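As structure tokens, the structure follows; a few thoughts come after it.
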Amino acid sequence: MSETTHRVTINGLHVNAGREVRERIRADGEGDIARPLYQTSVQWTQGYQTQTTVKSGAVLHGDEPCAYGGAGLGATPQELLLAGIGNCLAATYIGGLSASGVKVNSLVLDVSGRVDFRAAFGVTSGNPGFESIQVQVLIDTEESSERVDALLAKLLPTAPIPDTIMRPVPLTVEVQHTGGATHG
């Protein structure tokens, strides 16, 4: 008779999945699970439009709104950054809440921020990026709000994307010329 292993799931995740990943990281602290390399390829197509391909093969379309000279046919870079924050927090929260045995009926993260385009377009000096970013978490569970709030507060510092934007991270841009003029 074969042995059947029953894995408990909450919120569509195996309850012990996070623990299992943590053990794999401990076993190989420099491997691909502990320190994965993420890559995207962004190709300009026309106007402000871009096509981004991610590791899974999914394709994202980028563009600027008509008000800024784009065609409005894709997500703006600002929206993609906000989506990255929201997606990372959703995964972090669901993973941690599931591991803690909290069933989530619904989770919505509304992420917003104001960008200073006056600086981006050289009208004034200053920082052209987001002035601040706000996240509103709308969550429905059977647990007490105190327990959920405590768990979410504990999980927030473990979210990689919010961590990345809250601290200085080196950015290296290397330009390679692939054809055309070779002289200055």
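Simple scheme: letters A, B, ... for chains in structure tokens order, numbers from 1 for residues in each chain, numbers from 1 for ligands in the order shown.
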For region 96-127 of chain A against region 19-33 of chain A, with a cut-off of 12 Å and counting only C-alpha atoms, what is the closest atom pair and its distance in Å to one decimal for every residue that makes the cut, ordered by chain and number, as a Markdown table?
| residue | atom | partner | partner_atom | distance |
| --- | --- | --- | --- | --- |
| A:Gly96 | CA | A:Arg19 | CA | 10.2 |
| A:Ser98 | CA | A:Arg19 | CA | 11.3 |
| A:Ala99 | CA | A:Arg19 | CA | 8.1 |
| A:Ser100 | CA | A:Arg19 | CA | 11.1 |
Could you turn the residues from that selection into a file that holds C-alpha atoms, as a PDB file, in the first residue's frame?
ATOM      1  CA  GLY A  96       2.972  34.948   5.550  1.00  0.00           C
ATOM      2  CA  SER A  98      -1.102  31.420   4.920  1.00  0.00           C
ATOM      3  CA  ALA A  99       1.887  30.135   6.897  1.00  0.00           C
ATOM      4  CA  SER A 100       0.237  31.567  10.021  1.00  0.00           C
TER       5      SER A 100
END
Practice task
as a VMD selection string, list the residues of region 85-121 of chain A assigned to strand (DSSP E) by DSSP on the backbone atoms of this structure.
Solution key: chain A and resid 104 to 115
Within 9 Å of region 133-145 of chain A, which residues of region 1-118 of chain A come that close, and what is the closest atom pair and distance in Å for each? Count only C-alpha atoms and give it as a Markdown table.
| residue | atom | partner | partner_atom | distance |
| --- | --- | --- | --- | --- |
| A:Leu82 | CA | A:Ile133 | CA | 8.2 |
| A:Ile85 | CA | A:Val135 | CA | 8.7 |
| A:Gly86 | CA | A:Val135 | CA | 7.7 |
| A:Val102 | CA | A:Glu143 | CA | 6.8 |
| A:Lys103 | CA | A:Thr141 | CA | 6.1 |
| A:Val104 | CA | A:Thr141 | CA | 4.7 |
| A:Asn105 | CA | A:Asp140 | CA | 5.3 |
| A:Ser106 | CA | A:Asp140 | CA | 5.2 |
| A:Leu107 | CA | A:Ile139 | CA | 4.6 |
| A:Val108 | CA | A:Leu138 | CA | 5.1 |
| A:Leu109 | CA | A:Val137 | CA | 4.7 |
| A:Asp110 | CA | A:Gln136 | CA | 5.1 |
| A:Val111 | CA | A:Val135 | CA | 4.5 |
| A:Ser112 | CA | A:Gln134 | CA | 5.4 |
| A:Gly113 | CA | A:Ile133 | CA | 4.4 |
| A:Arg114 | CA | A:Ile133 | CA | 7.4 |
Practice task
Can you check which residues of region 41-169 of chain A DSSP gives as helix (DSSP H, G or I) on the backbone and send them as a VMD selection string?
Solution key: chain A and resid 66 to 68 77 to 99 117 to 120 145 to 158 160 to 166
Which polymer residues have any atom within 9 Å of an atom of Gln78 (chain A), counting only C-alpha atoms, with same-chain residues fewer than 2 positions away left out, as a short mmCIF file (atom, residue, chain, number, x, y, z; two decimals) with C-alpha atoms, in the first residue's frame?
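In the end it all went to part.cif:
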data_model
loop_
_atom_site.label_atom_id
_atom_site.label_comp_id
_atom_site.auth_asym_id
_atom_site.auth_seq_id
_atom_site.Cartn_x
_atom_site.Cartn_y
_atom_site.Cartn_z
CA ALA A 75 1.21 50.84 -18.67
CA THR A 76 3.43 53.79 -17.80
CA LEU A 80 4.70 49.33 -13.56
CA LEU A 81 6.70 50.38 -10.50
CA LEU A 82 3.53 50.72 -8.41
CA ALA A 83 2.31 47.34 -9.72
CA GLY A 113 1.95 58.17 -5.67
CA VAL A 115 5.47 62.16 -9.58
CA GLY A 129 10.58 60.61 -9.30
CA PHE A 130 7.80 59.81 -6.87
#
Contacts of region 50-56 of chain A at 12 Å (only C-alpha atoms; same-chain gap of 2+ positions) as a tab-separated table (two decimals) with N, CA and C atoms, in the first residue's frame:
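Result file is part.tsv:
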chain	number	residue	atom	x	y	z
A	36	PRO	N	18.23	34.60	-6.42
A	36	PRO	CA	17.85	34.48	-7.84
A	36	PRO	C	18.18	35.74	-8.62
A	37	LEU	N	18.50	35.55	-9.88
A	37	LEU	CA	18.72	36.66	-10.79
A	37	LEU	C	17.44	36.89	-11.58
A	38	TYR	N	16.91	38.09	-11.49
A	38	TYR	CA	15.72	38.45	-12.26
A	38	TYR	C	16.16	39.32	-13.42
A	39	GLN	N	15.57	39.09	-14.57
A	39	GLN	CA	15.91	39.85	-15.76
A	39	GLN	C	14.66	40.13	-16.57
A	40	THR	N	14.66	41.27	-17.21
A	40	THR	CA	13.63	41.58	-18.19
A	40	THR	C	14.33	42.14	-19.42
A	41	SER	N	13.67	42.08	-20.52
A	41	SER	CA	14.19	42.69	-21.74
A	41	SER	C	13.11	43.66	-22.23
A	42	VAL	N	13.49	44.93	-22.30
A	42	VAL	CA	12.56	45.97	-22.73
A	42	VAL	C	12.99	46.45	-24.11
A	43	GLN	N	12.09	46.33	-25.07
A	43	GLN	CA	12.40	46.74	-26.43
A	43	GLN	C	11.50	47.89	-26.83
A	44	TRP	N	12.10	48.97	-27.29
A	44	TRP	CA	11.33	50.09	-27.82
A	44	TRP	C	10.72	49.66	-29.14
A	45	THR	N	9.46	49.99	-29.36
A	45	THR	CA	8.81	49.63	-30.63
A	45	THR	C	8.54	50.85	-31.49
A	46	GLN	N	7.92	51.89	-30.92
A	46	GLN	CA	7.71	53.16	-31.63
A	46	GLN	C	7.17	54.18	-30.66
A	47	GLY	N	7.35	55.46	-30.99
A	47	GLY	CA	6.88	56.51	-30.08
A	47	GLY	C	7.44	56.26	-28.69
A	48	TYR	N	6.59	56.25	-27.69
A	48	TYR	CA	7.00	55.90	-26.33
A	48	TYR	C	6.67	54.45	-25.99
A	58	ALA	N	5.95	36.05	-20.23
A	58	ALA	CA	4.86	37.03	-20.26
A	58	ALA	C	5.37	38.32	-20.90
A	59	VAL	N	4.47	39.02	-21.58
A	59	VAL	CA	4.83	40.26	-22.26
A	59	VAL	C	3.99	41.39	-21.68
A	60	LEU	N	4.67	42.48	-21.34
A	60	LEU	CA	4.02	43.68	-20.82
A	60	LEU	C	4.21	44.79	-21.85
A	61	HIS	N	3.18	45.59	-22.03
A	61	HIS	CA	3.26	46.70	-22.98
A	61	HIS	C	3.31	48.01	-22.21
A	62	GLY	N	4.27	48.84	-22.59
A	62	GLY	CA	4.44	50.13	-21.95
A	62	GLY	C	4.21	51.25	-22.92
A	63	ASP	N	3.78	52.38	-22.39
A	63	ASP	CA	3.56	53.59	-23.19
A	63	ASP	C	3.36	54.75	-22.23
A	64	GLU	N	3.35	55.92	-22.78
A	64	GLU	CA	3.03	57.12	-22.01
A	64	GLU	C	1.62	57.57	-22.38
A	70	GLY	N	2.44	60.24	-25.72
A	70	GLY	CA	2.32	58.81	-26.03
A	70	GLY	C	0.98	58.51	-26.68
A	71	ALA	N	0.73	57.24	-26.90
A	71	ALA	CA	-0.54	56.80	-27.49
A	71	ALA	C	-1.47	56.21	-26.43
A	72	GLY	N	-1.00	56.09	-25.18
A	72	GLY	CA	-1.83	55.55	-24.12
A	72	GLY	C	-2.16	54.07	-24.31
A	73	LEU	N	-1.26	53.31	-24.94
A	73	LEU	CA	-1.55	51.92	-25.26
A	73	LEU	C	-0.90	50.91	-24.33
A	74	GLY	N	-0.37	51.38	-23.22
A	74	GLY	CA	0.26	50.45	-22.29
A	74	GLY	C	0.43	51.10	-20.93
A	75	ALA	N	0.96	50.34	-20.01
A	75	ALA	CA	1.21	50.84	-18.67
A	75	ALA	C	2.39	51.82	-18.70
A	76	THR	N	2.31	52.86	-17.90
A	76	THR	CA	3.43	53.79	-17.80
A	76	THR	C	4.50	53.18	-16.91
A	77	PRO	N	5.74	53.66	-17.01
A	77	PRO	CA	6.78	53.17	-16.10
A	77	PRO	C	6.39	53.35	-14.63
A	80	LEU	N	4.00	50.60	-13.70
A	80	LEU	CA	4.70	49.33	-13.56
A	80	LEU	C	5.44	49.24	-12.23
Practice task
Take CA of Ile94 (chain A) and CA of Ser132 (chain A) and report the distance between them in Å, one decimal.
Solution key: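 Pair CA of Ile94 (chain A) / CA of Ser132 (chain A) returns 24.6 Å.
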